[in-house]
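Have a look at data-v4.txt; it's compact mmCIF, C-alpha atoms and all ligand atoms:
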# COMPACT_ATOMS: atom_id res chain seq x y z
CA MET A 1 0.00 0.00 0.00
CA ASN A 2 1.19 3.56 -0.69
CA TYR A 3 0.92 5.20 2.71
CA GLN A 4 0.92 8.93 3.47
CA ASN A 5 1.77 10.54 6.77
CA THR A 6 -1.26 12.84 6.88
CA LEU A 7 -4.36 13.02 9.06
CA GLN A 8 -6.59 12.94 5.99
CA PHE A 9 -5.00 9.72 4.74
CA ALA A 10 -5.28 8.06 8.18
CA ARG A 11 -8.96 9.04 8.43
CA GLU A 12 -9.60 7.69 4.94
CA LEU A 13 -8.16 4.31 5.98
CA ASP A 14 -10.32 4.36 9.12
CA SER A 15 -13.45 5.15 7.14
CA LYS A 16 -12.83 2.12 4.91
CA ASP A 17 -11.96 -0.19 7.82
CA PRO A 18 -14.60 -2.96 8.09
CA LEU A 19 -13.65 -3.43 11.77
CA LYS A 20 -13.93 0.26 12.75
CA HIS A 21 -17.05 -0.23 14.89
CA PHE A 22 -15.23 -2.70 17.15
CA ARG A 23 -13.41 0.18 18.86
CA GLU A 24 -16.78 1.20 20.34
CA MET A 25 -17.01 -2.19 22.04
CA PHE A 26 -14.04 -1.40 24.31
CA TYR A 27 -13.35 0.97 27.17
CA ILE A 28 -10.51 3.24 26.07
CA PRO A 29 -8.82 4.62 29.23
CA LEU A 30 -8.94 8.37 29.72
CA MET A 31 -5.80 10.42 30.28
CA PHE A 32 -6.11 14.09 31.19
CA GLY A 33 -9.83 13.95 30.48
CA LYS A 34 -9.70 12.43 26.99
CA GLU A 35 -9.30 9.02 25.41
CA CYS A 36 -5.65 8.05 25.38
CA ILE A 37 -3.80 6.49 22.48
CA TYR A 38 -3.62 3.00 23.92
CA PHE A 39 -0.60 1.21 22.49
CA THR A 40 -0.04 -1.33 25.28
CA GLY A 41 -2.34 -4.13 24.15
CA ASN A 42 0.84 -6.25 24.08
CA SER A 43 0.99 -5.86 27.85
CA LEU A 44 -2.64 -5.69 28.98
CA GLY A 45 -5.41 -5.73 26.40
CA LEU A 46 -8.42 -3.46 26.89
CA GLN A 47 -11.69 -4.44 28.49
CA ALA A 48 -14.57 -5.26 26.16
CA LYS A 49 -17.67 -3.47 27.43
CA ARG A 50 -19.60 -6.74 27.53
CA THR A 51 -17.13 -8.26 30.04
CA GLN A 52 -18.95 -6.88 33.06
CA ASP A 53 -22.25 -8.45 31.95
CA TYR A 54 -20.63 -11.84 31.44
CA VAL A 55 -19.08 -11.75 34.91
CA VAL A 56 -22.23 -10.39 36.54
CA ASP A 57 -24.27 -13.23 34.96
CA GLU A 58 -22.10 -15.73 36.80
CA LEU A 59 -22.31 -13.76 40.06
CA GLU A 60 -26.12 -13.71 39.74
CA ASP A 61 -26.26 -17.43 39.05
CA TRP A 62 -24.01 -18.07 42.03
CA ALA A 63 -26.27 -15.87 44.21
CA SER A 64 -29.48 -17.54 43.10
CA LEU A 65 -28.33 -21.14 42.64
CA GLY A 66 -25.38 -21.70 44.95
CA VAL A 67 -23.80 -25.08 44.31
CA GLU A 68 -26.59 -25.98 41.87
CA GLY A 69 -24.94 -23.59 39.42
CA HIS A 70 -22.45 -26.32 38.56
CA LEU A 71 -25.22 -27.98 36.60
CA HIS A 72 -27.95 -25.36 36.27
CA ALA A 73 -26.26 -21.99 35.70
CA ARG A 74 -26.99 -20.45 32.28
CA ASN A 75 -23.49 -21.61 31.38
CA PRO A 76 -23.10 -24.59 33.72
CA TRP A 77 -19.84 -24.32 35.65
CA LEU A 78 -18.91 -27.98 35.68
CA PRO A 79 -18.16 -28.08 31.92
CA TYR A 80 -17.47 -24.29 31.67
CA HIS A 81 -14.00 -24.74 30.13
CA GLU A 82 -15.58 -26.73 27.28
CA ILE A 83 -16.85 -23.43 25.85
CA PHE A 84 -13.40 -22.41 24.68
CA PRO A 85 -11.73 -24.98 22.42
CA LYS A 86 -13.82 -24.22 19.32
CA GLN A 87 -13.01 -20.49 19.34
CA LEU A 88 -9.45 -20.83 20.58
CA SER A 89 -8.58 -23.47 18.00
CA LYS A 90 -9.16 -20.82 15.31
CA ILE A 91 -6.82 -18.40 17.07
CA VAL A 92 -4.07 -20.96 17.71
CA GLY A 93 -4.61 -22.94 14.51
CA CYS A 94 -5.27 -26.39 15.90
CA LEU A 95 -7.98 -28.97 16.49
CA PRO A 96 -10.43 -28.25 19.32
CA HIS A 97 -9.31 -31.25 21.36
CA GLU A 98 -5.69 -30.03 21.24
CA VAL A 99 -6.46 -26.97 23.36
CA VAL A 100 -7.60 -26.29 26.91
CA VAL A 101 -7.93 -23.17 29.07
CA MET A 102 -6.41 -23.50 32.53
CA ASN A 103 -4.08 -21.92 35.13
CA SER A 104 -1.69 -19.17 34.11
CA LEU A 105 1.23 -19.05 31.74
CA THR A 106 4.30 -19.92 33.81
CA VAL A 107 2.41 -22.64 35.67
CA ASN A 108 1.42 -24.15 32.33
CA LEU A 109 4.96 -23.88 30.98
CA HIS A 110 6.20 -25.95 33.92
CA LEU A 111 3.38 -28.48 33.55
CA LEU A 112 4.19 -28.92 29.86
CA LEU A 113 7.88 -29.31 30.62
CA VAL A 114 6.98 -32.04 33.10
CA SER A 115 5.58 -33.95 30.12
CA PHE A 116 7.99 -32.93 27.38
CA TYR A 117 11.31 -32.26 29.12
CA ARG A 118 12.36 -35.76 30.15
CA PRO A 119 16.12 -35.40 30.07
CA THR A 120 18.53 -38.31 30.00
CA LYS A 121 22.32 -38.22 30.41
CA GLN A 122 22.60 -38.16 26.65
CA ARG A 123 19.65 -35.93 25.68
CA TYR A 124 19.14 -33.10 28.15
CA LYS A 125 19.49 -29.71 26.47
CA ILE A 126 16.89 -26.98 26.06
CA ILE A 127 17.51 -24.64 23.12
CA CYS A 128 15.85 -21.25 23.42
CA GLU A 129 16.24 -17.63 22.35
CA ALA A 130 18.68 -15.41 24.27
CA LYS A 131 16.79 -12.84 26.36
CA ALA A 132 13.61 -14.87 26.51
CA PHE A 133 11.09 -13.40 28.96
CA PRO A 134 12.62 -13.86 32.46
CA SER A 135 9.86 -16.19 33.66
CA ASP A 136 10.73 -18.57 30.81
CA GLN A 137 14.44 -18.31 31.59
CA TYR A 138 13.74 -19.17 35.24
CA ALA A 139 11.54 -22.08 34.19
CA PHE A 140 14.31 -23.52 31.96
CA GLU A 141 16.96 -22.95 34.62
CA THR A 142 14.98 -24.58 37.44
CA GLN A 143 13.70 -27.44 35.28
CA ALA A 144 17.30 -28.30 34.36
CA LYS A 145 18.32 -28.11 38.05
CA TYR A 146 15.30 -30.16 39.12
CA HIS A 147 16.51 -32.97 36.87
CA GLY A 148 20.07 -32.66 38.22
CA PHE A 149 21.65 -30.76 35.32
CA ASP A 150 23.73 -27.60 35.34
CA PRO A 151 21.70 -24.89 33.56
CA ALA A 152 24.94 -23.39 32.21
CA ASP A 153 25.43 -26.62 30.26
CA ALA A 154 21.80 -27.62 29.67
CA VAL A 155 20.23 -24.33 28.54
CA ILE A 156 21.57 -23.22 25.16
CA GLU A 157 20.64 -19.70 24.05
CA VAL A 158 20.67 -18.51 20.45
CA SER A 159 21.60 -14.81 20.18
CA PRO A 160 21.32 -12.25 17.42
CA ARG A 161 24.57 -11.64 15.54
CA GLU A 162 26.79 -8.72 16.54
CA GLY A 163 25.07 -5.46 15.55
CA GLU A 164 21.73 -7.18 14.83
CA TYR A 165 18.56 -7.38 16.94
CA ALA A 166 16.58 -10.21 15.41
CA ILE A 167 17.78 -13.80 15.65
CA ARG A 168 18.38 -15.36 12.26
CA THR A 169 16.44 -18.56 11.59
CA GLU A 170 19.57 -20.05 10.01
CA ASP A 171 21.40 -19.55 13.32
CA ILE A 172 18.62 -21.29 15.23
CA LEU A 173 18.76 -24.20 12.80
CA SER A 174 22.54 -24.51 12.92
CA THR A 175 22.50 -24.45 16.76
CA ILE A 176 19.93 -27.25 16.82
CA LYS A 177 22.03 -29.24 14.35
CA GLN A 178 25.24 -28.58 16.25
CA HIS A 179 23.80 -29.94 19.51
CA GLY A 180 22.06 -32.78 17.65
CA ASP A 181 20.93 -35.68 19.77
CA SER A 182 21.80 -33.93 23.03
CA VAL A 183 18.74 -31.69 22.51
CA ALA A 184 15.64 -32.66 24.48
CA VAL A 185 13.43 -29.63 23.78
CA VAL A 186 13.57 -26.58 21.54
CA LEU A 187 11.49 -23.87 23.16
CA PHE A 188 11.03 -20.46 21.58
CA SER A 189 8.56 -17.62 21.87
CA GLY A 190 6.09 -17.19 19.07
CA VAL A 191 6.85 -13.46 19.19
CA ASN A 192 9.73 -12.17 21.33
CA TYR A 193 8.44 -9.78 24.00
CA TYR A 194 11.29 -7.26 23.59
CA THR A 195 12.03 -7.06 19.87
CA GLY A 196 8.63 -8.11 18.55
CA GLN A 197 10.31 -10.69 16.28
CA LEU A 198 7.96 -13.43 15.08
CA PHE A 199 9.82 -16.74 14.91
CA ASP A 200 9.39 -19.26 12.12
CA ILE A 201 7.54 -21.87 14.16
CA LYS A 202 7.18 -24.37 11.32
CA THR A 203 10.86 -24.37 10.39
CA ILE A 204 12.05 -24.46 14.02
CA THR A 205 9.69 -27.38 14.69
CA GLU A 206 11.02 -29.32 11.69
CA ALA A 207 14.60 -28.76 12.84
CA ALA A 208 13.80 -29.87 16.40
CA HIS A 209 12.13 -33.03 15.12
CA SER A 210 15.05 -33.76 12.76
CA VAL A 211 17.32 -34.24 15.82
CA GLY A 212 14.65 -36.16 17.75
CA ALA A 213 13.70 -33.28 20.09
CA TYR A 214 10.30 -31.84 20.99
CA ALA A 215 9.35 -28.33 19.81
CA GLY A 216 7.39 -26.12 22.21
CA PHE A 217 6.41 -22.44 22.08
CA ASP A 218 5.46 -19.65 24.44
CA LEU A 219 2.73 -17.84 22.54
CA ALA A 220 2.17 -15.05 25.10
CA HIS A 221 2.83 -12.36 22.48
CA ALA A 222 1.53 -14.39 19.55
CA ALA A 223 -1.94 -15.65 20.54
CA GLY A 224 -4.57 -13.27 19.18
CA ASN A 225 -1.81 -11.31 17.43
CA VAL A 226 -0.37 -13.32 14.52
CA GLU A 227 -1.54 -16.17 12.29
CA LEU A 228 -0.83 -19.51 13.92
CA HIS A 229 -1.19 -23.02 12.52
CA MET A 230 0.23 -25.00 15.40
CA HIS A 231 -1.30 -28.32 14.33
CA ASP A 232 -0.27 -28.12 10.68
CA TRP A 233 3.19 -26.92 11.69
CA ASP A 234 3.39 -30.06 13.84
CA ALA A 235 4.49 -28.18 16.99
CA ASP A 236 4.39 -30.49 20.01
CA PHE A 237 3.11 -28.09 22.66
CA ALA A 238 2.52 -24.43 23.47
CA CYS A 239 1.15 -22.18 26.17
CA TRP A 240 0.02 -18.57 26.37
CA CYS A 241 -1.60 -15.98 28.57
CA SER A 242 -4.89 -14.27 27.79
CA TYR A 243 -4.34 -10.82 29.26
CA LYS A 244 -2.44 -9.35 26.30
CA TYR A 245 -3.93 -9.58 22.81
CA LEU A 246 -6.69 -11.84 24.13
CA ASN A 247 -8.12 -9.01 26.30
CA SER A 248 -9.30 -11.25 29.14
CA GLY A 249 -8.18 -9.11 32.08
CA PRO A 250 -5.21 -8.81 34.44
CA GLY A 251 -3.82 -12.20 35.42
CA ALA A 252 -6.40 -13.88 33.17
CA VAL A 253 -6.63 -17.63 32.83
CA GLY A 254 -4.08 -19.07 30.36
CA GLY A 255 -4.24 -21.82 27.77
CA ILE A 256 -2.27 -24.73 26.37
CA TYR A 257 -2.00 -26.57 23.07
CA ILE A 258 -0.75 -30.14 22.79
CA HIS A 259 -0.55 -31.87 19.42
CA GLU A 260 -3.14 -34.59 18.82
CA LYS A 261 -0.47 -37.29 18.62
CA HIS A 262 0.45 -36.59 22.25
CA VAL A 263 -2.96 -35.94 23.80
CA THR A 264 -4.06 -39.48 23.10
CA ASN A 265 -0.88 -40.87 24.67
CA LYS A 266 -2.14 -41.65 28.16
CA ASP A 267 1.33 -42.80 29.16
CA LEU A 268 2.91 -39.40 28.68
CA PRO A 269 4.06 -38.42 32.19
CA ARG A 270 2.29 -35.50 33.77
CA PHE A 271 1.35 -33.97 37.11
CA ALA A 272 -2.32 -34.83 37.38
CA GLY A 273 -5.39 -33.55 39.17
CA TRP A 274 -9.01 -34.67 39.26
CA TRP A 275 -10.12 -32.38 36.43
CA GLY A 276 -7.82 -34.20 34.01
CA SER A 277 -9.24 -37.61 34.86
CA THR A 278 -12.06 -39.19 32.82
CA LYS A 279 -15.36 -37.41 33.31
CA GLU A 280 -17.31 -40.67 33.55
CA THR A 281 -15.55 -41.73 36.75
CA ARG A 282 -14.47 -38.37 38.19
CA PHE A 283 -17.15 -38.22 40.85
CA LYS A 284 -16.71 -41.81 41.92
CA MET A 285 -13.74 -40.43 43.85
CA GLU A 286 -11.76 -43.59 43.38
CA LYS A 287 -8.05 -44.34 43.15
CA GLY A 288 -6.24 -44.37 39.83
CA PHE A 289 -5.82 -41.42 37.44
CA GLU A 290 -7.28 -42.07 33.96
CA ALA A 291 -6.23 -39.24 31.63
CA ILE A 292 -8.87 -37.67 29.37
CA PRO A 293 -7.48 -38.33 25.86
CA THR A 294 -7.54 -34.63 24.87
CA ALA A 295 -5.65 -31.56 26.10
CA GLU A 296 -8.18 -31.57 28.96
CA GLY A 297 -6.14 -34.44 30.40
CA TRP A 298 -3.59 -31.84 31.58
CA GLN A 299 -6.12 -29.93 33.71
CA LEU A 300 -5.64 -30.08 37.44
CA SER A 301 -8.48 -28.11 38.93
CA ASN A 302 -12.08 -27.21 38.29
CA ALA A 303 -12.80 -24.12 36.20
CA PRO A 304 -12.27 -20.61 37.72
CA VAL A 305 -15.58 -19.43 36.29
CA LEU A 306 -15.39 -15.70 37.13
CA ALA A 307 -12.05 -15.36 35.31
CA MET A 308 -13.28 -17.56 32.50
CA ALA A 309 -16.38 -15.40 32.04
CA ALA A 310 -14.10 -12.48 31.13
CA HIS A 311 -12.25 -14.77 28.71
CA LYS A 312 -15.55 -15.81 27.13
CA ALA A 313 -16.56 -12.17 26.65
CA SER A 314 -13.31 -11.50 24.84
CA LEU A 315 -13.37 -14.58 22.63
CA ASP A 316 -16.93 -13.77 21.57
CA VAL A 317 -15.65 -10.40 20.32
CA PHE A 318 -12.86 -12.18 18.39
CA GLU A 319 -15.44 -14.52 16.89
CA GLU A 320 -17.58 -11.60 15.71
CA ALA A 321 -14.61 -9.76 14.20
CA GLY A 322 -13.22 -12.88 12.49
CA ILE A 323 -9.59 -13.83 12.87
CA ASP A 324 -8.77 -13.35 9.17
CA GLN A 325 -10.15 -9.81 9.13
CA LEU A 326 -8.13 -9.03 12.24
CA HIS A 327 -4.90 -10.26 10.66
CA LYS A 328 -5.60 -8.23 7.54
CA LYS A 329 -6.08 -5.02 9.52
CA ARG A 330 -3.13 -5.79 11.79
CA ARG A 331 -0.84 -5.98 8.77
CA SER A 332 -1.92 -2.63 7.37
CA LEU A 333 -1.96 -0.93 10.79
CA SER A 334 1.57 -2.08 11.66
CA GLY A 335 2.70 -1.31 8.09
CA TYR A 336 1.39 2.22 8.56
CA LEU A 337 3.20 2.58 11.88
CA HIS A 338 6.49 1.48 10.28
CA TYR A 339 5.90 3.97 7.48
CA VAL A 340 5.20 6.87 9.87
CA LEU A 341 8.26 6.09 12.03
CA ASN A 342 10.54 5.76 9.01
CA ASP A 343 9.17 9.05 7.73
CA ILE A 344 10.06 10.76 11.03
CA ASN A 345 13.55 9.24 10.96
CA SER A 346 14.17 10.28 7.38
CA ARG A 347 13.49 13.93 8.25
CA GLN A 348 16.24 14.03 10.88
CA ALA A 349 19.86 14.93 10.21
CA GLU A 350 20.73 12.12 12.64
CA LYS A 351 18.48 9.11 13.10
CA LEU A 352 16.22 9.43 16.14
CA MET A 353 15.54 5.73 16.57
CA GLU A 354 16.33 2.27 15.31
CA ILE A 355 13.31 0.06 14.74
CA ILE A 356 14.54 -3.25 16.11
CA THR A 357 11.42 -5.16 15.10
CA PRO A 358 11.92 -6.88 11.74
CA SER A 359 10.71 -4.77 8.82
CA ASN A 360 9.46 -7.86 6.96
CA GLU A 361 5.74 -8.06 7.79
CA ASN A 362 5.94 -11.87 7.96
CA GLU A 363 8.42 -11.63 10.81
CA ARG A 364 6.43 -9.46 13.18
CA GLY A 365 2.96 -8.92 14.65
CA CYS A 366 1.38 -5.75 16.07
CA GLN A 367 4.33 -4.70 18.18
CA VAL A 368 7.01 -2.28 17.08
CA SER A 369 10.04 -1.77 19.33
CA MET A 370 11.86 1.52 18.93
CA LEU A 371 15.42 1.64 20.20
CA MET A 372 15.83 5.34 20.99
CA LEU A 373 19.22 6.65 19.85
CA LYS A 374 18.74 10.00 21.54
CA ARG A 375 16.32 11.76 23.92
CA GLY A 376 14.66 8.41 24.74
CA THR A 377 13.36 9.06 28.26
CA GLU A 378 12.43 12.64 27.40
CA ILE A 379 10.35 11.50 24.42
CA PHE A 380 8.73 8.68 26.40
CA ASN A 381 7.79 10.97 29.29
CA GLU A 382 6.43 13.58 26.92
CA LEU A 383 4.40 10.92 25.05
CA THR A 384 2.83 10.01 28.39
CA ARG A 385 2.10 13.67 29.18
CA GLN A 386 0.37 13.96 25.81
CA GLY A 387 -1.90 10.98 26.39
CA VAL A 388 -0.04 8.07 24.80
CA LEU A 389 0.13 4.84 26.79
CA ALA A 390 3.28 3.12 25.54
CA ASP A 391 5.76 0.88 27.32
CA TRP A 392 9.37 1.61 28.29
CA ARG A 393 11.90 -1.23 28.54
CA GLU A 394 15.41 -0.69 29.85
CA PRO A 395 17.82 0.51 28.69
CA ASN A 396 16.13 2.60 25.98
CA VAL A 397 13.38 0.82 24.10
CA ILE A 398 9.83 2.09 23.61
CA ARG A 399 7.44 -0.73 22.74
CA ILE A 400 4.13 0.11 21.09
CA ALA A 401 1.44 -2.15 19.73
CA PRO A 402 -1.47 -0.88 17.65
CA VAL A 403 -4.11 -3.59 17.98
CA PRO A 404 -6.65 -4.13 15.18
CA LEU A 405 -9.67 -4.58 17.48
CA TYR A 406 -9.54 -1.13 19.04
CA ASN A 407 -6.73 0.97 17.55
CA SER A 408 -7.21 3.19 14.52
CA PHE A 409 -5.01 4.51 11.74
CA GLU A 410 -5.64 7.94 13.24
CA ASP A 411 -4.07 6.69 16.52
CA VAL A 412 -0.94 5.85 14.54
CA TYR A 413 -0.90 9.19 12.71
CA ARG A 414 -1.42 11.11 16.00
CA PHE A 415 1.39 9.16 17.65
CA GLY A 416 3.76 10.19 14.86
CA GLU A 417 2.53 13.78 15.03
CA ILE A 418 3.20 13.93 18.79
CA ILE A 419 6.77 12.62 18.31
CA ASN A 420 7.31 15.14 15.53
CA ASN A 421 6.14 17.97 17.77
CA ILE A 422 8.34 16.81 20.65
CA ILE A 423 11.49 16.75 18.55
CA LYS A 424 10.72 20.08 16.94
C1 LIG B 501 6.69 -14.21 26.98
C2 LIG B 501 6.17 -14.27 28.38
N1 LIG B 501 6.37 -15.39 29.11
C3 LIG B 501 5.94 -15.48 30.38
C4 LIG B 501 5.27 -14.44 30.99
C5 LIG B 501 4.82 -14.58 32.41
O1 LIG B 501 3.44 -14.76 32.46
P1 LIG B 501 2.63 -15.12 33.79
O2 LIG B 501 2.95 -14.09 34.81
O3 LIG B 501 1.20 -15.04 33.35
O4 LIG B 501 3.02 -16.49 34.20
C6 LIG B 501 5.03 -13.26 30.26
C7 LIG B 501 4.32 -12.13 30.89
O5 LIG B 501 4.16 -11.06 30.36
C8 LIG B 501 5.50 -13.17 28.92
O6 LIG B 501 5.34 -12.06 28.20
Once more with this new file: its structure as structure tokens, please.
Amino acid sequence: MNYQNTLQFARELDSKDPLKHFREMFYIPLMFGKECIYFTGNSLGLQAKRTQDYVVDELEDWASLGVEGHLHARNPWLPYHEIFPKQLSKIVGCLPHEVVVMNSLTVNLHLLLVSFYRPTKQRYKIICEAKAFPSDQYAFETQAKYHGFDPADAVIEVSPREGEYAIRTEDILSTIKQHGDSVAVVLFSGVNYYTGQLFDIKTITEAAHSVGAYAGFDLAHAAGNVELHMHDWDADFACWCSYKYLNSGPGAVGGIYIHEKHVTNKDLPRFAGWWGSTKETRFKMEKGFEAIPTAEGWQLSNAPVLAMAAHKASLDVFEEAGIDQLHKKRRSLSGYLHYVLNDINSRQAEKLMEIITPSNENERGCQVSMLMLKRGTEIFNELTRQGVLADWREPNVIRIAPVPLYNSFEDVYRFGEIINNIIK
């Protein structure tokens, strides 16, 4: 598309946007008495206005039915989690029985590693990206220690090359090959939280499998953001949170994907709880765990319905918008943001920022990370004073994420205009 850095052009794109009315379905926080430019959907997605009603429905049913709500609430609580697989499978790109909503992200990462990180003396390494989100780093480190390995030897990080920010796929592949049959698990983000780089999940999975390792992914910054085809790409397992692009509220309930070929394997080791045991015998309260032969077999506990009601509200909005439409708008919105930022840079005698997110639209999602080469904190603080909610990451990166459900092209134009005014 031939973009222009003008208000008129941005408004024209908004007027043609088939998803424009979705913005009205969300609460946009106010700053200094007016709607802010909310560019932190990669951190905490906004609240859909219907969320309150969904949660209040469950509170009402609890008030009027008490324990009977498990069977007789409008959405009975006992099978409440069964609402999600159909919608989520479209977002994650998998079969409904490969997905389940439960717990939160780091808990799920550990539970999946219990099943898929089964190190032996010979095969014990975890290959991951350098500077993965700290919680993931701690999970890898403590999993290695738990199994009696030295993390310095067992956790292999792939870094960007000197002077680069994104990690080259070829370097990931050569690292996997180099460590060969000592690799137990290859575990990458879908989208890296800092740079916004989208990894090539299909190619990484193939490489992991070629050395006999499992391939798992942390989709925290990918679910609800980028196109995913986890089943077709043959990924073994994945987990994500729902408070970022999935707009399900602070600390929202997370989700996992496990490939079909593993969910039916009842012998795969796991830490079990009663909610993962066959539904037919669950309430007989007898000895002997019998795994449900779907991703549900990894559940431990009964459904946290109030949190799940917020998740349901959000996924219903996704369903109405349509995942393909969202991806289409996301591409043009982030393309416009890149254009506006490059335009600002090109007008400076000395570059103001380095965009460390890949410029290739197939290697990124909504997020753009700007490495500020000068006046970083001043610009960030001034952006905040002028009603932009962005995110600052040490030492000098501003992360912003225009989200197709509630951000507009005008938001992007205004953001650029504010930066322009600051540097003038
Ligand atoms: C990539 C990634 N992994 C893990 C986490 C930790 O998530 P939680 O606190 O829900 O376990 C986050 C949180 O933002 C994240 O972005």
* Distance query A:Asp316 at most 10 Å, all atoms listed in the file, self and fewer than 6 positions along chain excluded, as a list in words -> Ala48, Arg50, Phe84, Gln87 and Gly322 of chain A
* Structure fact -> note - atom CA of A:Lys279 and atom CA of A:Asp267 are separated by 18.0 Å
* To do: Report as JSON, numbers by chain which protein, DNA and RNA residues come within 6 Å of ligand LIG 501 (chain B), using all atoms listed in the file.
  => {"A": [104, 105, 106, 133, 135, 136, 193, 220, 241]}
* In terms of the shortest atom-to-atom distance over all atoms listed in the file, which of A:Leu228, A:Ile258, A:Leu315, A:Val412 is closest to A:Asn362? -> A:Leu228
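With only C-alpha atoms as the atoms that count, the minimum distance from A:Trp77 to the choices A:Gly224, A:Gly416, A:Pro119, A:Pro304 is reached by A:Pro304.
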* Asked: What is the atom CA of A:Leu326-atom CA of A:Pro404 distance in Å, reported with one decimal?
  -> 5.9 Å
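Atom CA of A:Lys90 sits 29.3 Å away from atom CA of A:Arg282.
The shortest atom-to-atom distance to A:Lys49, with only C-alpha atoms taken into account, belongs to A:Ala310 out of A:Val67, A:Val92, A:Ala310, A:Ile292.
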* To do: For A:Glu206, work out the shell of residues within 12 Å, counting only C-alpha atoms and skipping chain neighbours fewer than 6 positions away, then give it as a VMD selection string.
  => chain A and resid 172 to 173 176 to 177 186 200 212 to 216 232 to 236
* Using all atoms listed in the file, which of A:Phe22, A:Tyr117, A:Val253, A:Asn420 sits nearest A:Ser346? -> A:Asn420
With 5 Å on each side, where is the centre of the axis-aligned box around all listed atoms of stretch 319-327 of chain A, and how long are its edges in Å to one decimal, as JSON?
{"center_x": -11.2, "center_y": -11.8, "center_z": 13.0, "size_x": 22.7, "size_y": 15.5, "size_z": 17.8}
* Which one is closest to A:Asp181: A:Thr278, A:Gln4, A:Gln52, A:Thr120? Count all atoms listed in the file. -> A:Thr120
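Take the candidates A:His81, A:Lys202, A:Arg347, A:Arg330 and check each one against A:Val368 using all atoms listed in the file; the shortest distance goes to A:Arg330.
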* Tell me, as a ChimeraX atom specification, which residues lie within 7 Å of A:Arg23, counting all atoms listed in the file; anything in the same chain fewer than 2 positions away does not count. => /A:20-21,25-26,405-407
* Within 7 Å of stretch 40-46 of chain A, counting only C-alpha atoms, which residues qualify if same-chain residues fewer than 2 places away don't, as a PyMOL selection string? -> chain A and resi 26-27+38+48+221+243-247+250+389-391+400-401+403
* Do a neighbour search on A:Leu306 at 12 Å with all atoms listed in the file, toss out local chain neighbours closer than 2 positions, and write the hits as a list in words. => Thr51, Gln52, Asp53, Tyr54, Val55, Val56, Asp57, Glu58, Leu59, Glu60, Asp61, Trp62, Asn75, Trp77, Tyr80, His81, Ser248, Gly249, Ala252, Val253, Ala303, Pro304, Met308, Ala309, Ala310, His311, Lys312 and Ala313 of chain A
* To do: Please identify all polymer residues lying at most 10 Å from the point (1.5, -0.1, 12.6) (file coordinates), using all atoms listed in the file, and present the result as an MDAnalysis selection string.
  => chainID A and resid 329:341 365:368 400:404 407:409 411:413
